[in-house]
Amino acid sequence: ETKPRSTRPVMISGIIGASPGATGTARGQSQLRQAFEFTNSYCMPQPEILVFRAGEKFDAEGRLTDEPTRTYLGKYLEALRDWALKFRA
């Protein structure tokens, strides 16, 4: 028996990724977005964060030290909050 999909999202999300390479996590983020389509998850379309050369942007304790990335992350989190509020019941 096939059941209809719920009209309410299962998950509301954004995607952030970091990698040591020059392309960040572009491929991985693309794959996650495709998977979210089939799980009734609403993934924020923009902005995206693809942190490249992560080893240069985090200290030995894992703290983000790159100021431009920190600033953009703050804007991203504000956008994610606004995105999530769109789905309030």
# chains A, B, ... in the order shown; residues from 1 in each chain; ligands from 1
call {"tool": "select_by_dssp", "arguments": {"residues": "segment 2-83 of chain A", "states": "alpha helix (DSSP H)", "output": "PDB file with N, CA and C atoms, in the first residue's frame"}}
result
ATOM      1  N   ALA A  26      31.441  20.864  -2.424  1.00  0.00           N
ATOM      2  CA  ALA A  26      30.410  21.093  -3.442  1.00  0.00           C
ATOM      3  C   ALA A  26      29.722  19.799  -3.870  1.00  0.00           C
ATOM      4  N   ARG A  27      30.463  18.770  -4.145  1.00  0.00           N
ATOM      5  CA  ARG A  27      29.848  17.513  -4.589  1.00  0.00           C
ATOM      6  C   ARG A  27      29.014  16.876  -3.491  1.00  0.00           C
ATOM      7  N   GLY A  28      29.544  16.852  -2.286  1.00  0.00           N
ATOM      8  CA  GLY A  28      28.812  16.268  -1.164  1.00  0.00           C
ATOM      9  C   GLY A  28      27.522  17.027  -0.876  1.00  0.00           C
ATOM     10  N   GLN A  29      27.579  18.351  -0.952  1.00  0.00           N
ATOM     11  CA  GLN A  29      26.386  19.145  -0.701  1.00  0.00           C
ATOM     12  C   GLN A  29      25.334  18.896  -1.778  1.00  0.00           C
ATOM     13  N   SER A  30      25.776  18.746  -3.005  1.00  0.00           N
ATOM     14  CA  SER A  30      24.845  18.452  -4.102  1.00  0.00           C
ATOM     15  C   SER A  30      24.141  17.118  -3.863  1.00  0.00           C
ATOM     16  N   GLN A  31      24.882  16.119  -3.434  1.00  0.00           N
ATOM     17  CA  GLN A  31      24.296  14.806  -3.165  1.00  0.00           C
ATOM     18  C   GLN A  31      23.306  14.870  -2.000  1.00  0.00           C
ATOM     19  N   LEU A  32      23.629  15.614  -0.964  1.00  0.00           N
ATOM     20  CA  LEU A  32      22.708  15.753   0.164  1.00  0.00           C
ATOM     21  C   LEU A  32      21.404  16.416  -0.262  1.00  0.00           C
ATOM     22  N   ARG A  33      21.507  17.439  -1.084  1.00  0.00           N
ATOM     23  CA  ARG A  33      20.300  18.115  -1.563  1.00  0.00           C
ATOM     24  C   ARG A  33      19.400  17.147  -2.328  1.00  0.00           C
ATOM     25  N   GLN A  34      20.005  16.292  -3.141  1.00  0.00           N
ATOM     26  CA  GLN A  34      19.216  15.305  -3.883  1.00  0.00           C
ATOM     27  C   GLN A  34      18.544  14.327  -2.928  1.00  0.00           C
ATOM     28  N   ALA A  35      19.250  13.888  -1.914  1.00  0.00           N
ATOM     29  CA  ALA A  35      18.671  12.951  -0.947  1.00  0.00           C
ATOM     30  C   ALA A  35      17.525  13.599  -0.180  1.00  0.00           C
ATOM     31  N   PHE A  36      17.650  14.874   0.149  1.00  0.00           N
ATOM     32  CA  PHE A  36      16.605  15.566   0.900  1.00  0.00           C
ATOM     33  C   PHE A  36      15.288  15.643   0.127  1.00  0.00           C
ATOM     34  N   GLU A  37      15.352  15.643  -1.186  1.00  0.00           N
ATOM     35  CA  GLU A  37      14.128  15.684  -1.988  1.00  0.00           C
ATOM     36  C   GLU A  37      13.230  14.490  -1.703  1.00  0.00           C
ATOM     37  N   GLU A  67      38.329  35.138   9.839  1.00  0.00           N
ATOM     38  CA  GLU A  67      37.291  36.139  10.097  1.00  0.00           C
ATOM     39  C   GLU A  67      36.268  36.259   8.967  1.00  0.00           C
ATOM     40  N   PRO A  68      36.659  36.273   7.696  1.00  0.00           N
ATOM     41  CA  PRO A  68      35.635  36.337   6.642  1.00  0.00           C
ATOM     42  C   PRO A  68      34.668  35.136   6.689  1.00  0.00           C
ATOM     43  N   THR A  69      35.186  33.964   6.997  1.00  0.00           N
ATOM     44  CA  THR A  69      34.323  32.780   7.092  1.00  0.00           C
ATOM     45  C   THR A  69      33.414  32.884   8.305  1.00  0.00           C
ATOM     46  N   ARG A  70      33.936  33.377   9.423  1.00  0.00           N
ATOM     47  CA  ARG A  70      33.115  33.571  10.628  1.00  0.00           C
ATOM     48  C   ARG A  70      31.968  34.550  10.353  1.00  0.00           C
ATOM     49  N   THR A  71      32.269  35.639   9.655  1.00  0.00           N
ATOM     50  CA  THR A  71      31.246  36.626   9.318  1.00  0.00           C
ATOM     51  C   THR A  71      30.176  36.004   8.434  1.00  0.00           C
ATOM     52  N   TYR A  72      30.593  35.277   7.420  1.00  0.00           N
ATOM     53  CA  TYR A  72      29.642  34.649   6.508  1.00  0.00           C
ATOM     54  C   TYR A  72      28.812  33.595   7.236  1.00  0.00           C
ATOM     55  N   LEU A  73      29.438  32.861   8.141  1.00  0.00           N
ATOM     56  CA  LEU A  73      28.711  31.861   8.925  1.00  0.00           C
ATOM     57  C   LEU A  73      27.616  32.522   9.763  1.00  0.00           C
ATOM     58  N   GLY A  74      27.904  33.675  10.335  1.00  0.00           N
ATOM     59  CA  GLY A  74      26.894  34.400  11.091  1.00  0.00           C
ATOM     60  C   GLY A  74      25.698  34.779  10.221  1.00  0.00           C
ATOM     61  N   LYS A  75      25.973  35.256   9.014  1.00  0.00           N
ATOM     62  CA  LYS A  75      24.898  35.594   8.075  1.00  0.00           C
ATOM     63  C   LYS A  75      24.121  34.350   7.665  1.00  0.00           C
ATOM     64  N   TYR A  76      24.841  33.256   7.496  1.00  0.00           N
ATOM     65  CA  TYR A  76      24.206  31.983   7.136  1.00  0.00           C
ATOM     66  C   TYR A  76      23.244  31.543   8.237  1.00  0.00           C
ATOM     67  N   LEU A  77      23.670  31.627   9.479  1.00  0.00           N
ATOM     68  CA  LEU A  77      22.820  31.207  10.595  1.00  0.00           C
ATOM     69  C   LEU A  77      21.576  32.088  10.723  1.00  0.00           C
ATOM     70  N   GLU A  78      21.713  33.368  10.435  1.00  0.00           N
ATOM     71  CA  GLU A  78      20.538  34.245  10.431  1.00  0.00           C
ATOM     72  C   GLU A  78      19.571  33.826   9.322  1.00  0.00           C
ATOM     73  N   ALA A  79      20.097  33.503   8.142  1.00  0.00           N
ATOM     74  CA  ALA A  79      19.254  33.062   7.031  1.00  0.00           C
ATOM     75  C   ALA A  79      18.576  31.730   7.357  1.00  0.00           C
ATOM     76  N   LEU A  80      19.290  30.833   8.031  1.00  0.00           N
ATOM     77  CA  LEU A  80      18.714  29.543   8.415  1.00  0.00           C
ATOM     78  C   LEU A  80      17.582  29.741   9.418  1.00  0.00           C
ATOM     79  N   ARG A  81      17.767  30.647  10.365  1.00  0.00           N
ATOM     80  CA  ARG A  81      16.693  30.965  11.304  1.00  0.00           C
ATOM     81  C   ARG A  81      15.459  31.467  10.553  1.00  0.00           C
ATOM     82  N   ASP A  82      15.663  32.402   9.636  1.00  0.00           N
ATOM     83  CA  ASP A  82      14.546  32.945   8.862  1.00  0.00           C
ATOM     84  C   ASP A  82      13.870  31.862   8.030  1.00  0.00           C
ATOM     85  N   TRP A  83      14.661  30.963   7.463  1.00  0.00           N
ATOM     86  CA  TRP A  83      14.138  29.846   6.665  1.00  0.00           C
ATOM     87  C   TRP A  83      13.263  28.946   7.542  1.00  0.00           C
TER      88      TRP A  83
END
call {"tool": "select_by_dssp", "arguments": {"residues": "segment 36-69 of chain A", "states": "strand (DSSP E or B)", "output": "MDAnalysis selection string"}}
result
chainID A and resid 41:43 49:51 58 64
call {"tool": "write_last_selection", "arguments": {"atoms": "all heavy atoms", "output": "PDB file, in the first residue's frame"}}
result
ATOM      1  N   SER A  41      12.295  16.742   3.204  1.00  0.00           N
ATOM      2  CA  SER A  41      13.080  17.709   3.962  1.00  0.00           C
ATOM      3  C   SER A  41      13.208  18.988   3.156  1.00  0.00           C
ATOM      4  O   SER A  41      13.426  18.942   1.953  1.00  0.00           O
ATOM      5  CB  SER A  41      14.474  17.154   4.241  1.00  0.00           C
ATOM      6  OG  SER A  41      14.392  15.965   4.973  1.00  0.00           O
ATOM      7  N   TYR A  42      13.055  20.106   3.806  1.00  0.00           N
ATOM      8  CA  TYR A  42      13.164  21.388   3.137  1.00  0.00           C
ATOM      9  C   TYR A  42      14.530  21.981   3.452  1.00  0.00           C
ATOM     10  O   TYR A  42      14.761  22.477   4.544  1.00  0.00           O
ATOM     11  CB  TYR A  42      12.052  22.321   3.579  1.00  0.00           C
ATOM     12  CG  TYR A  42      10.667  21.870   3.174  1.00  0.00           C
ATOM     13  CD1 TYR A  42       9.549  22.464   3.678  1.00  0.00           C
ATOM     14  CD2 TYR A  42      10.483  20.828   2.270  1.00  0.00           C
ATOM     15  CE1 TYR A  42       8.275  22.058   3.299  1.00  0.00           C
ATOM     16  CE2 TYR A  42       9.223  20.417   1.885  1.00  0.00           C
ATOM     17  CZ  TYR A  42       8.122  21.037   2.406  1.00  0.00           C
ATOM     18  OH  TYR A  42       6.869  20.637   2.032  1.00  0.00           O
ATOM     19  N   CYS A  43      15.400  21.908   2.483  1.00  0.00           N
ATOM     20  CA  CYS A  43      16.761  22.405   2.655  1.00  0.00           C
ATOM     21  C   CYS A  43      16.845  23.831   2.119  1.00  0.00           C
ATOM     22  O   CYS A  43      16.429  24.109   0.999  1.00  0.00           O
ATOM     23  CB  CYS A  43      17.739  21.493   1.920  1.00  0.00           C
ATOM     24  SG  CYS A  43      19.446  21.906   2.233  1.00  0.00           S
ATOM     25  N   ILE A  49      27.459  27.328   2.318  1.00  0.00           N
ATOM     26  CA  ILE A  49      28.821  27.506   2.826  1.00  0.00           C
ATOM     27  C   ILE A  49      29.640  26.300   2.397  1.00  0.00           C
ATOM     28  O   ILE A  49      29.327  25.165   2.755  1.00  0.00           O
ATOM     29  CB  ILE A  49      28.870  27.662   4.357  1.00  0.00           C
ATOM     30  CG1 ILE A  49      28.137  28.932   4.780  1.00  0.00           C
ATOM     31  CG2 ILE A  49      30.310  27.693   4.839  1.00  0.00           C
ATOM     32  CD1 ILE A  49      28.217  29.233   6.250  1.00  0.00           C
ATOM     33  N   LEU A  50      30.661  26.567   1.610  1.00  0.00           N
ATOM     34  CA  LEU A  50      31.601  25.547   1.169  1.00  0.00           C
ATOM     35  C   LEU A  50      32.986  26.042   1.588  1.00  0.00           C
ATOM     36  O   LEU A  50      33.610  26.836   0.887  1.00  0.00           O
ATOM     37  CB  LEU A  50      31.547  25.364  -0.347  1.00  0.00           C
ATOM     38  CG  LEU A  50      30.218  24.899  -0.913  1.00  0.00           C
ATOM     39  CD1 LEU A  50      29.397  26.068  -1.398  1.00  0.00           C
ATOM     40  CD2 LEU A  50      30.437  23.900  -2.007  1.00  0.00           C
ATOM     41  N   VAL A  51      33.441  25.628   2.738  1.00  0.00           N
ATOM     42  CA  VAL A  51      34.723  26.106   3.262  1.00  0.00           C
ATOM     43  C   VAL A  51      35.840  25.275   2.636  1.00  0.00           C
ATOM     44  O   VAL A  51      35.942  24.082   2.861  1.00  0.00           O
ATOM     45  CB  VAL A  51      34.775  25.993   4.800  1.00  0.00           C
ATOM     46  CG1 VAL A  51      36.120  26.475   5.321  1.00  0.00           C
ATOM     47  CG2 VAL A  51      33.631  26.782   5.434  1.00  0.00           C
ATOM     48  N   PHE A  58      40.936  26.881  10.552  1.00  0.00           N
ATOM     49  CA  PHE A  58      40.644  26.396  11.898  1.00  0.00           C
ATOM     50  C   PHE A  58      41.954  26.220  12.648  1.00  0.00           C
ATOM     51  O   PHE A  58      42.973  25.855  12.062  1.00  0.00           O
ATOM     52  CB  PHE A  58      39.915  25.043  11.836  1.00  0.00           C
ATOM     53  CG  PHE A  58      38.527  25.140  11.268  1.00  0.00           C
ATOM     54  CD1 PHE A  58      38.316  25.085   9.903  1.00  0.00           C
ATOM     55  CD2 PHE A  58      37.436  25.281  12.113  1.00  0.00           C
ATOM     56  CE1 PHE A  58      37.034  25.175   9.372  1.00  0.00           C
ATOM     57  CE2 PHE A  58      36.147  25.370  11.594  1.00  0.00           C
ATOM     58  CZ  PHE A  58      35.952  25.313  10.217  1.00  0.00           C
ATOM     59  N   LEU A  64      37.081  27.954  14.518  1.00  0.00           N
ATOM     60  CA  LEU A  64      37.133  28.709  13.275  1.00  0.00           C
ATOM     61  C   LEU A  64      37.823  30.040  13.536  1.00  0.00           C
ATOM     62  O   LEU A  64      37.349  30.855  14.329  1.00  0.00           O
ATOM     63  CB  LEU A  64      35.719  28.928  12.735  1.00  0.00           C
ATOM     64  CG  LEU A  64      35.576  29.705  11.438  1.00  0.00           C
ATOM     65  CD1 LEU A  64      36.327  29.024  10.301  1.00  0.00           C
ATOM     66  CD2 LEU A  64      34.099  29.855  11.091  1.00  0.00           C
TER      67      LEU A  64
END
call {"tool": "closest_residue", "arguments": {"among": "A:Glu56, A:Leu85, A:Pro47, A:Thr39", "to": "Pro20 of chain A", "atoms": "only C-alpha atoms"}}
result
A:Glu56
call {"tool": "closest_residue", "arguments": {"among": "A:Arg53, A:Pro45, A:Glu61, A:Asn40", "to": "Ala22 of chain A", "atoms": "only C-alpha atoms"}}
result
A:Arg53
call {"tool": "residues_around", "arguments": {"residues": "Glu48 of chain A", "least_positions_apart": "2", "cutoff": "7 Å", "atoms": "only C-alpha atoms", "output": "number ranges by chain"}}
result
A: 15-16, 46, 50
